[in-house]
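Data block for data27.pdb (PDB, C-alpha atoms):
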ATOM      1  CA  MET A   1      -9.038  13.616  -6.801  1.00  0.00           C
ATOM      2  CA  THR A   2      -5.576  13.880  -5.245  1.00  0.00           C
ATOM      3  CA  ILE A   3      -2.777  13.010  -7.695  1.00  0.00           C
ATOM      4  CA  THR A   4       0.430  11.787  -6.074  1.00  0.00           C
ATOM      5  CA  PHE A   5       3.808  11.136  -7.690  1.00  0.00           C
ATOM      6  CA  ILE A   6       6.255   8.900  -5.786  1.00  0.00           C
ATOM      7  CA  THR A   7       9.876   8.307  -6.749  1.00  0.00           C
ATOM      8  CA  GLY A   8      11.410   4.923  -6.016  1.00  0.00           C
ATOM      9  CA  ALA A   9       7.907   3.484  -5.789  1.00  0.00           C
ATOM     10  CA  ASN A  10       8.587   0.037  -7.227  1.00  0.00           C
ATOM     11  CA  LYS A  11       9.460  -1.632  -3.894  1.00  0.00           C
ATOM     12  CA  GLY A  12       9.823  -1.201  -0.146  1.00  0.00           C
ATOM     13  CA  LEU A  13       8.568   2.003   1.420  1.00  0.00           C
ATOM     14  CA  GLY A  14       7.689   3.541  -1.933  1.00  0.00           C
ATOM     15  CA  ARG A  15       5.487   0.657  -3.002  1.00  0.00           C
ATOM     16  CA  GLU A  16       3.738   0.427   0.359  1.00  0.00           C
ATOM     17  CA  THR A  17       3.157   4.185   0.336  1.00  0.00           C
ATOM     18  CA  ALA A  18       1.605   3.863  -3.112  1.00  0.00           C
ATOM     19  CA  ARG A  19      -0.644   1.015  -1.966  1.00  0.00           C
ATOM     20  CA  ARG A  20      -1.852   2.880   1.087  1.00  0.00           C
ATOM     21  CA  LEU A  21      -2.470   6.167  -0.708  1.00  0.00           C
ATOM     22  CA  ILE A  22      -4.535   4.378  -3.344  1.00  0.00           C
ATOM     23  CA  GLU A  23      -6.629   3.059  -0.454  1.00  0.00           C
ATOM     24  CA  HIS A  24      -7.039   6.689   0.615  1.00  0.00           C
ATOM     25  CA  GLY A  25      -8.433   7.496  -2.837  1.00  0.00           C
ATOM     26  CA  HIS A  26      -5.313   9.043  -4.385  1.00  0.00           C
ATOM     27  CA  THR A  27      -4.458   8.628  -8.041  1.00  0.00           C
ATOM     28  CA  VAL A  28      -0.882   7.372  -7.699  1.00  0.00           C
ATOM     29  CA  LEU A  29       1.905   7.658 -10.247  1.00  0.00           C
ATOM     30  CA  VAL A  30       4.606   5.058  -9.629  1.00  0.00           C
ATOM     31  CA  GLY A  31       7.959   6.619 -10.455  1.00  0.00           C
ATOM     32  CA  ALA A  32      10.786   4.119 -10.855  1.00  0.00           C
ATOM     33  CA  ARG A  33      14.013   3.625 -12.769  1.00  0.00           C
ATOM     34  CA  ASN A  34      13.440  -0.103 -13.322  1.00  0.00           C
ATOM     35  CA  ARG A  35      10.726  -0.382 -15.957  1.00  0.00           C
ATOM     36  CA  GLU A  36       9.869  -4.026 -15.315  1.00  0.00           C
ATOM     37  CA  GLN A  37       9.444  -3.534 -11.581  1.00  0.00           C
ATOM     38  CA  GLY A  38       7.686  -0.215 -12.035  1.00  0.00           C
ATOM     39  CA  GLU A  39       5.154  -1.607 -14.470  1.00  0.00           C
ATOM     40  CA  GLU A  40       4.559  -4.680 -12.291  1.00  0.00           C
ATOM     41  CA  THR A  41       3.939  -2.500  -9.243  1.00  0.00           C
ATOM     42  CA  ALA A  42       1.624  -0.155 -11.104  1.00  0.00           C
ATOM     43  CA  THR A  43      -0.396  -3.043 -12.528  1.00  0.00           C
ATOM     44  CA  ALA A  44      -0.642  -4.810  -9.177  1.00  0.00           C
ATOM     45  CA  LEU A  45      -1.751  -1.700  -7.299  1.00  0.00           C
ATOM     46  CA  GLY A  46      -3.923   0.011  -9.889  1.00  0.00           C
ATOM     47  CA  ALA A  47      -1.547   2.899 -10.499  1.00  0.00           C
ATOM     48  CA  ARG A  48       0.238   4.330 -13.545  1.00  0.00           C
ATOM     49  CA  TYR A  49       3.952   3.801 -14.111  1.00  0.00           C
ATOM     50  CA  VAL A  50       6.143   6.756 -15.057  1.00  0.00           C
ATOM     51  CA  PRO A  51       9.826   6.086 -15.844  1.00  0.00           C
ATOM     52  CA  ILE A  52      12.220   8.278 -13.868  1.00  0.00           C
ATOM     53  CA  ASP A  53      15.869   8.112 -12.919  1.00  0.00           C
ATOM     54  CA  VAL A  54      16.430  10.881 -10.381  1.00  0.00           C
ATOM     55  CA  ARG A  55      20.155  10.903 -11.247  1.00  0.00           C
ATOM     56  CA  ASP A  56      19.482  12.058 -14.798  1.00  0.00           C
ATOM     57  CA  ASP A  57      18.247  15.539 -15.761  1.00  0.00           C
ATOM     58  CA  ALA A  58      16.733  14.357 -19.038  1.00  0.00           C
ATOM     59  CA  SER A  59      14.898  11.462 -17.390  1.00  0.00           C
ATOM     60  CA  VAL A  60      13.422  13.723 -14.712  1.00  0.00           C
ATOM     61  CA  ALA A  61      12.351  16.288 -17.299  1.00  0.00           C
ATOM     62  CA  ALA A  62      10.762  13.552 -19.402  1.00  0.00           C
ATOM     63  CA  ALA A  63       8.846  12.257 -16.370  1.00  0.00           C
ATOM     64  CA  ALA A  64       7.470  15.716 -15.613  1.00  0.00           C
ATOM     65  CA  ALA A  65       6.485  16.157 -19.262  1.00  0.00           C
ATOM     66  CA  ASP A  66       4.752  12.759 -19.218  1.00  0.00           C
ATOM     67  CA  VAL A  67       2.684  13.759 -16.180  1.00  0.00           C
ATOM     68  CA  ALA A  68       1.913  17.158 -17.704  1.00  0.00           C
ATOM     69  CA  ARG A  69       0.512  15.413 -20.800  1.00  0.00           C
ATOM     70  CA  HIS A  70      -1.533  12.800 -18.962  1.00  0.00           C
ATOM     71  CA  GLU A  71      -2.646  14.288 -15.618  1.00  0.00           C
ATOM     72  CA  GLY A  72      -1.874  17.989 -16.047  1.00  0.00           C
ATOM     73  CA  ARG A  73      -0.907  18.490 -12.399  1.00  0.00           C
ATOM     74  CA  ILE A  74       0.118  16.750  -9.218  1.00  0.00           C
ATOM     75  CA  ASP A  75      -1.025  17.513  -5.686  1.00  0.00           C
ATOM     76  CA  VAL A  76       1.604  15.562  -3.749  1.00  0.00           C
ATOM     77  CA  LEU A  77       5.250  14.873  -4.603  1.00  0.00           C
ATOM     78  CA  ILE A  78       6.937  12.210  -2.475  1.00  0.00           C
ATOM     79  CA  ASN A  79      10.714  12.202  -2.882  1.00  0.00           C
ATOM     80  CA  ASN A  80      11.363   8.641  -1.734  1.00  0.00           C
ATOM     81  CA  ALA A  81      14.137   7.307  -3.999  1.00  0.00           C
ATOM     82  CA  GLY A  82      17.316   6.669  -2.050  1.00  0.00           C
ATOM     83  CA  VAL A  83      20.523   4.639  -1.873  1.00  0.00           C
ATOM     84  CA  LEU A  84      22.501   3.444   1.142  1.00  0.00           C
ATOM     85  CA  GLY A  85      26.122   3.617   0.057  1.00  0.00           C
ATOM     86  CA  PRO A  86      29.090   1.983   1.814  1.00  0.00           C
ATOM     87  CA  LEU A  87      28.814   0.845   5.438  1.00  0.00           C
ATOM     88  CA  GLY A  88      31.436   0.589   8.163  1.00  0.00           C
ATOM     89  CA  ASP A  89      35.011   1.842   8.232  1.00  0.00           C
ATOM     90  CA  PRO A  90      35.193   5.011   6.104  1.00  0.00           C
ATOM     91  CA  SER A  91      38.940   4.713   5.449  1.00  0.00           C
ATOM     92  CA  ASP A  92      38.492   3.745   1.816  1.00  0.00           C
ATOM     93  CA  LEU A  93      35.644   6.078   0.874  1.00  0.00           C
ATOM     94  CA  THR A  94      36.154   7.876  -2.403  1.00  0.00           C
ATOM     95  CA  ALA A  95      34.783  11.025  -3.917  1.00  0.00           C
ATOM     96  CA  ALA A  96      32.959   8.828  -6.426  1.00  0.00           C
ATOM     97  CA  ASP A  97      31.273   6.963  -3.554  1.00  0.00           C
ATOM     98  CA  ALA A  98      30.109  10.244  -2.063  1.00  0.00           C
ATOM     99  CA  LEU A  99      28.874  11.655  -5.351  1.00  0.00           C
ATOM    100  CA  ALA A 100      26.893   8.481  -6.078  1.00  0.00           C
ATOM    101  CA  VAL A 101      24.970   8.724  -2.802  1.00  0.00           C
ATOM    102  CA  LEU A 102      24.452  12.477  -2.852  1.00  0.00           C
ATOM    103  CA  ASP A 103      23.356  12.351  -6.493  1.00  0.00           C
ATOM    104  CA  VAL A 104      20.307  10.300  -5.517  1.00  0.00           C
ATOM    105  CA  ASN A 105      19.532  11.294  -1.933  1.00  0.00           C
ATOM    106  CA  VAL A 106      20.023  15.057  -2.205  1.00  0.00           C
ATOM    107  CA  ILE A 107      20.646  16.239  -5.750  1.00  0.00           C
ATOM    108  CA  GLY A 108      17.967  13.872  -7.048  1.00  0.00           C
ATOM    109  CA  VAL A 109      15.470  15.576  -4.756  1.00  0.00           C
ATOM    110  CA  VAL A 110      16.492  18.967  -6.130  1.00  0.00           C
ATOM    111  CA  ARG A 111      16.186  17.747  -9.727  1.00  0.00           C
ATOM    112  CA  THR A 112      12.780  16.205  -9.173  1.00  0.00           C
ATOM    113  CA  THR A 113      11.359  19.028  -7.103  1.00  0.00           C
ATOM    114  CA  THR A 114      12.404  21.695  -9.601  1.00  0.00           C
ATOM    115  CA  ALA A 115      10.980  19.740 -12.529  1.00  0.00           C
ATOM    116  CA  PHE A 116       7.652  19.075 -10.801  1.00  0.00           C
ATOM    117  CA  LEU A 117       7.094  22.508  -9.240  1.00  0.00           C
ATOM    118  CA  PRO A 118       5.055  23.794 -12.207  1.00  0.00           C
ATOM    119  CA  LEU A 119       2.757  20.767 -11.867  1.00  0.00           C
ATOM    120  CA  LEU A 120       2.462  21.212  -8.097  1.00  0.00           C
ATOM    121  CA  ARG A 121       1.562  24.872  -8.533  1.00  0.00           C
ATOM    122  CA  ARG A 122      -1.521  23.817 -10.514  1.00  0.00           C
ATOM    123  CA  SER A 123      -2.847  22.173  -7.326  1.00  0.00           C
ATOM    124  CA  ALA A 124      -5.147  23.862  -4.834  1.00  0.00           C
ATOM    125  CA  ASP A 125      -3.128  22.367  -1.962  1.00  0.00           C
ATOM    126  CA  PRO A 126       0.367  21.338  -3.114  1.00  0.00           C
ATOM    127  CA  VAL A 127       2.460  19.128  -0.838  1.00  0.00           C
ATOM    128  CA  ILE A 128       6.039  17.839  -0.913  1.00  0.00           C
ATOM    129  CA  VAL A 129       7.121  14.984   1.358  1.00  0.00           C
ATOM    130  CA  ASN A 130      10.839  14.239   1.518  1.00  0.00           C
ATOM    131  CA  VAL A 131      11.615  10.790   2.903  1.00  0.00           C
ATOM    132  CA  SER A 132      14.525  11.491   5.213  1.00  0.00           C
ATOM    133  CA  SER A 133      15.778   9.498   8.203  1.00  0.00           C
ATOM    134  CA  GLY A 134      16.602   9.748  11.879  1.00  0.00           C
ATOM    135  CA  MET A 135      20.002   8.516  10.709  1.00  0.00           C
ATOM    136  CA  GLY A 136      20.659  12.120   9.742  1.00  0.00           C
ATOM    137  CA  SER A 137      20.003  13.391  13.273  1.00  0.00           C
ATOM    138  CA  LEU A 138      22.964  14.346  15.480  1.00  0.00           C
ATOM    139  CA  ALA A 139      20.924  13.654  18.595  1.00  0.00           C
ATOM    140  CA  LEU A 140      19.676  10.207  17.572  1.00  0.00           C
ATOM    141  CA  THR A 141      23.010   8.987  16.211  1.00  0.00           C
ATOM    142  CA  HIS A 142      24.655   9.906  19.547  1.00  0.00           C
ATOM    143  CA  ASP A 143      21.999   8.282  21.745  1.00  0.00           C
ATOM    144  CA  PRO A 144      23.128   4.747  22.755  1.00  0.00           C
ATOM    145  CA  ALA A 145      19.511   3.771  23.349  1.00  0.00           C
ATOM    146  CA  ARG A 146      18.621   4.403  19.706  1.00  0.00           C
ATOM    147  CA  PRO A 147      19.364   1.966  16.860  1.00  0.00           C
ATOM    148  CA  GLU A 148      20.580   4.914  14.764  1.00  0.00           C
ATOM    149  CA  SER A 149      23.647   5.175  17.026  1.00  0.00           C
ATOM    150  CA  HIS A 150      24.848   1.648  16.232  1.00  0.00           C
ATOM    151  CA  VAL A 151      25.174   1.997  12.468  1.00  0.00           C
ATOM    152  CA  VAL A 152      28.165   3.420  10.616  1.00  0.00           C
ATOM    153  CA  ALA A 153      26.893   4.648   7.243  1.00  0.00           C
ATOM    154  CA  PRO A 154      28.916   7.818   6.601  1.00  0.00           C
ATOM    155  CA  LEU A 155      27.445   8.849   3.276  1.00  0.00           C
ATOM    156  CA  TYR A 156      23.831   7.851   3.885  1.00  0.00           C
ATOM    157  CA  THR A 157      23.697   9.661   7.231  1.00  0.00           C
ATOM    158  CA  SER A 158      25.348  12.743   5.771  1.00  0.00           C
ATOM    159  CA  SER A 159      22.944  12.800   2.855  1.00  0.00           C
ATOM    160  CA  LYS A 160      19.921  12.571   5.134  1.00  0.00           C
ATOM    161  CA  ALA A 161      21.222  15.377   7.338  1.00  0.00           C
ATOM    162  CA  ALA A 162      21.512  17.457   4.175  1.00  0.00           C
ATOM    163  CA  LEU A 163      18.013  16.461   3.069  1.00  0.00           C
ATOM    164  CA  THR A 164      16.402  17.553   6.308  1.00  0.00           C
ATOM    165  CA  MET A 165      18.066  20.960   6.033  1.00  0.00           C
ATOM    166  CA  LEU A 166      17.056  21.166   2.379  1.00  0.00           C
ATOM    167  CA  THR A 167      13.487  20.518   3.513  1.00  0.00           C
ATOM    168  CA  THR A 168      13.524  23.426   5.958  1.00  0.00           C
ATOM    169  CA  GLN A 169      14.908  25.730   3.291  1.00  0.00           C
ATOM    170  CA  TYR A 170      12.264  24.694   0.757  1.00  0.00           C
ATOM    171  CA  ALA A 171       9.600  25.195   3.412  1.00  0.00           C
ATOM    172  CA  LYS A 172      10.850  28.746   4.039  1.00  0.00           C
ATOM    173  CA  GLY A 173      11.326  29.590   0.381  1.00  0.00           C
ATOM    174  CA  LEU A 174       8.230  28.010  -1.161  1.00  0.00           C
ATOM    175  CA  LYS A 175       5.471  29.928   0.557  1.00  0.00           C
ATOM    176  CA  ASP A 176       2.782  28.399  -1.648  1.00  0.00           C
ATOM    177  CA  ILE A 177       3.714  24.749  -0.998  1.00  0.00           C
ATOM    178  CA  ARG A 178       3.719  22.655   2.183  1.00  0.00           C
ATOM    179  CA  VAL A 179       7.103  20.924   2.497  1.00  0.00           C
ATOM    180  CA  ASN A 180       7.860  18.372   5.225  1.00  0.00           C
ATOM    181  CA  ALA A 181      10.215  15.489   5.927  1.00  0.00           C
ATOM    182  CA  ALA A 182       9.317  12.003   7.127  1.00  0.00           C
ATOM    183  CA  ASP A 183      11.415   9.635   9.217  1.00  0.00           C
ATOM    184  CA  PRO A 184      10.243   6.075   8.471  1.00  0.00           C
ATOM    185  CA  GLY A 185      12.212   4.603  11.383  1.00  0.00           C
ATOM    186  CA  TYR A 186      14.059   1.285  11.403  1.00  0.00           C
ATOM    187  CA  THR A 187      11.904  -0.663   8.976  1.00  0.00           C
ATOM    188  CA  ALA A 188      12.404  -4.102   7.467  1.00  0.00           C
ATOM    189  CA  THR A 189      13.250  -3.447   3.801  1.00  0.00           C
ATOM    190  CA  ASP A 190      15.851  -4.447   1.208  1.00  0.00           C
ATOM    191  CA  PHE A 191      17.883  -1.492   2.503  1.00  0.00           C
ATOM    192  CA  ASN A 192      18.789  -3.353   5.700  1.00  0.00           C
ATOM    193  CA  ALA A 193      18.314  -6.988   4.600  1.00  0.00           C
ATOM    194  CA  HIS A 194      14.904  -6.870   6.293  1.00  0.00           C
ATOM    195  CA  SER A 195      16.498  -6.539   9.732  1.00  0.00           C
ATOM    196  CA  GLY A 196      14.374  -3.640  10.978  1.00  0.00           C
ATOM    197  CA  PRO A 197      11.801  -4.313  13.711  1.00  0.00           C
ATOM    198  CA  GLN A 198       9.070  -2.270  12.030  1.00  0.00           C
ATOM    199  CA  SER A 199       6.841  -3.574   9.265  1.00  0.00           C
ATOM    200  CA  VAL A 200       6.842  -1.726   5.960  1.00  0.00           C
ATOM    201  CA  THR A 201       3.345  -0.492   6.812  1.00  0.00           C
ATOM    202  CA  GLU A 202       4.566   1.004  10.094  1.00  0.00           C
ATOM    203  CA  GLY A 203       7.484   2.513   8.201  1.00  0.00           C
ATOM    204  CA  THR A 204       5.131   4.405   5.905  1.00  0.00           C
ATOM    205  CA  ASP A 205       2.886   5.817   8.644  1.00  0.00           C
ATOM    206  CA  ALA A 206       4.611   9.213   8.709  1.00  0.00           C
ATOM    207  CA  ILE A 207       4.780   9.485   4.913  1.00  0.00           C
ATOM    208  CA  VAL A 208       1.099   8.671   4.503  1.00  0.00           C
ATOM    209  CA  ALA A 209       0.129  11.025   7.319  1.00  0.00           C
ATOM    210  CA  LEU A 210       1.960  13.943   5.697  1.00  0.00           C
ATOM    211  CA  ALA A 211       0.514  13.125   2.271  1.00  0.00           C
ATOM    212  CA  THR A 212      -3.072  13.048   3.533  1.00  0.00           C
ATOM    213  CA  GLU A 213      -3.198  16.031   5.879  1.00  0.00           C
ATOM    214  CA  GLU A 214      -5.902  18.625   5.578  1.00  0.00           C
ATOM    215  CA  PRO A 215      -5.130  21.950   3.837  1.00  0.00           C
ATOM    216  CA  GLY A 216      -3.399  24.390   6.145  1.00  0.00           C
ATOM    217  CA  ALA A 217      -1.356  21.818   8.025  1.00  0.00           C
ATOM    218  CA  GLY A 218       2.141  22.922   8.988  1.00  0.00           C
ATOM    219  CA  THR A 219       5.244  23.143   6.869  1.00  0.00           C
ATOM    220  CA  GLY A 220       8.938  22.659   7.639  1.00  0.00           C
ATOM    221  CA  ARG A 221       8.332  19.731   9.997  1.00  0.00           C
ATOM    222  CA  PHE A 222      10.209  16.469  10.597  1.00  0.00           C
ATOM    223  CA  VAL A 223       7.680  13.752  11.428  1.00  0.00           C
ATOM    224  CA  SER A 224       7.934  10.119  12.518  1.00  0.00           C
ATOM    225  CA  ARG A 225       5.107   7.672  13.116  1.00  0.00           C
ATOM    226  CA  HIS A 226       5.179   8.809  16.748  1.00  0.00           C
ATOM    227  CA  GLY A 227       4.777  12.491  15.966  1.00  0.00           C
ATOM    228  CA  GLU A 228       6.799  15.594  15.208  1.00  0.00           C
ATOM    229  CA  MET A 229      10.564  15.406  15.849  1.00  0.00           C
ATOM    230  CA  THR A 230      13.207  18.034  16.477  1.00  0.00           C
ATOM    231  CA  TRP A 231      15.724  18.696  13.702  1.00  0.00           C
ATOM    232  CA  SER A 232      18.822  18.291  15.876  1.00  0.00           C
TER     233      SER A 232
END
Would you give me this structure, written as structure tokens?
Amino acid sequence: MTITFITGANKGLGRETARRLIEHGHTVLVGARNREQGEETATALGARYVPIDVRDDASVAAAAADVARHEGRIDVLINNAGVLGPLGDPSDLTAADALAVLDVNVIGVVRTTTAFLPLLRRSADPVIVNVSSGMGSLALTHDPARPESHVVAPLYTSSKAALTMLTTQYAKGLKDIRVNAADPGYTATDFNAHSGPQSVTEGTDAIVALATEEPGAGTGRFVSRHGEMTWS
């Protein structure tokens, strides 16, 4: 039985990923900061709720301890929790704005990954999937034909560029764990007031694909629903 822990799993891409992986036979642990939403999601899907706030060291440690007590290991860690931050003219951005976004989208991934590594290393085929974005790609955000080029989200885009590089470094440094990044694409979620042209199911195609690959699949990749992408 594959045991999968997903952060930010109470809504949007996280919830749909949980639903689909349960259909694939995974035991899914719904990680979420909001207890009410997390418990509702877990009950509705047939999962187990685990409280976690990726901004807080103690909360992340408590979540890992909870999973250690109940499941004893995980096979797949999906770092999905994320925040958007300010949009548009960056003239008034503050250091506090930047720290708030980075604390979830990058540092939160570091916190969670470090805390859950001992549980992953109890798996026969450990996998980490970081939910990144084409919004962090220099090439895509400079291509007028791509929707990524029409959005000004200074902190979100910067954080996702950092996350993709973090993914490559984890992939190089963690020889015993497969580490990849997923680009959901422009998907209709709360993040964008449901303006994206993709359904939430289409937006989770790459995440689900990476979480359900056979042992020995590649590491250090950036994957969309259309296939592997370059990192540029």
Checklist entry - Quick one: of A:Asp143, A:Glu71, A:Asp97, A:Asp125, who's nearest to Asp176 in chain A, counting all atoms listed in the file? => result A:Asp125
Item to check | Given all atoms listed in the file as the counted atoms, nearest of A:Ala95, A:Leu84, A:Ile128, A:Leu120 to Lys160 in chain A | outcome: A:Leu84
Checklist entry - Which residue gives the smallest distance to Thr201 in chain A among A:Val127, A:Phe5, A:Asp56, A:Gly14, with only C-alpha atoms counted? => result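 Selected residue with least distance to Thr201 in chain A: A:Gly14.
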Can you tell me which residues surround Ala42 in chain A at a distance of at most 10 Å, considering all atoms listed in the file, apart from same-chain residues fewer than 5 positions away, and format the answer as a CSV table (one decimal) with C-alpha atoms, in the frame of the given file?
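Saved file around33.csv follows:
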chain,number,residue,atom,x,y,z
A,9,ALA,CA,7.9,3.5,-5.8
A,10,ASN,CA,8.6,0.0,-7.2
A,15,ARG,CA,5.5,0.7,-3.0
A,18,ALA,CA,1.6,3.9,-3.1
A,19,ARG,CA,-0.6,1.0,-2.0
A,28,VAL,CA,-0.9,7.4,-7.7
A,29,LEU,CA,1.9,7.7,-10.2
A,30,VAL,CA,4.6,5.1,-9.6
A,31,GLY,CA,8.0,6.6,-10.5
A,37,GLN,CA,9.4,-3.5,-11.6
A,47,ALA,CA,-1.5,2.9,-10.5
A,48,ARG,CA,0.2,4.3,-13.5
A,49,TYR,CA,4.0,3.8,-14.1
A,50,VAL,CA,6.1,6.8,-15.1
Next on the checklist: Please enumerate the residues selected by the PyMOL selection byres ((chain A and resi 76-79) around 7) when evaluated against the supplied file, formatted as a ChimeraX atom specification.
Outcome noted: /A:3-7,74-75,80-81,109,126-131,211
Would you mind exporting the chosen residues as a PDB file, in the frame of the given file, restricted to C-alpha atoms?
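So the final result, stored in out19.pdb, reads:
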ATOM      1  CA  ILE A   3      -2.777  13.010  -7.695  1.00  0.00           C
ATOM      2  CA  THR A   4       0.430  11.787  -6.074  1.00  0.00           C
ATOM      3  CA  PHE A   5       3.808  11.136  -7.690  1.00  0.00           C
ATOM      4  CA  ILE A   6       6.255   8.900  -5.786  1.00  0.00           C
ATOM      5  CA  THR A   7       9.876   8.307  -6.749  1.00  0.00           C
ATOM      6  CA  ILE A  74       0.118  16.750  -9.218  1.00  0.00           C
ATOM      7  CA  ASP A  75      -1.025  17.513  -5.686  1.00  0.00           C
ATOM      8  CA  ASN A  80      11.363   8.641  -1.734  1.00  0.00           C
ATOM      9  CA  ALA A  81      14.137   7.307  -3.999  1.00  0.00           C
ATOM     10  CA  VAL A 109      15.470  15.576  -4.756  1.00  0.00           C
ATOM     11  CA  PRO A 126       0.367  21.338  -3.114  1.00  0.00           C
ATOM     12  CA  VAL A 127       2.460  19.128  -0.838  1.00  0.00           C
ATOM     13  CA  ILE A 128       6.039  17.839  -0.913  1.00  0.00           C
ATOM     14  CA  VAL A 129       7.121  14.984   1.358  1.00  0.00           C
ATOM     15  CA  ASN A 130      10.839  14.239   1.518  1.00  0.00           C
ATOM     16  CA  VAL A 131      11.615  10.790   2.903  1.00  0.00           C
ATOM     17  CA  ALA A 211       0.514  13.125   2.271  1.00  0.00           C
TER      18      ALA A 211
END
Item to check | Within 8 Å of file point (15.5, 11.7, 10.3), counting only C-alpha atoms, expressed as a ChimeraX atom specification | outcome: /A:132-137,160-161,164,181-185,222,231
Checklist entry - So, counting all atoms listed in the file, which residue among A:Val152, A:Met229, A:Ala206, A:Val200 is closest to Gly12 in chain A? => result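 Residue with the minimum atom-to-atom distance to Gly12 in chain A: A:Val200.
When CA of Pro51 in chain A is paired with CA of Thr157 in chain A, their separation reads 27.2 Å.
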Next on the checklist: Can you measure CA of Ser159 in chain A to CA of Ile107 in chain A for me? One decimal in Å is fine.
Outcome noted: 9.5 Å
Item to check | Among listed residues A:Thr27, A:Thr17, A:Ser59, A:Gln169, nearest Gly220 in chain A (using only C-alpha atoms) | outcome: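 Using only C-alpha atoms, the shortest distance to Gly220 in chain A belongs to A:Gln169.
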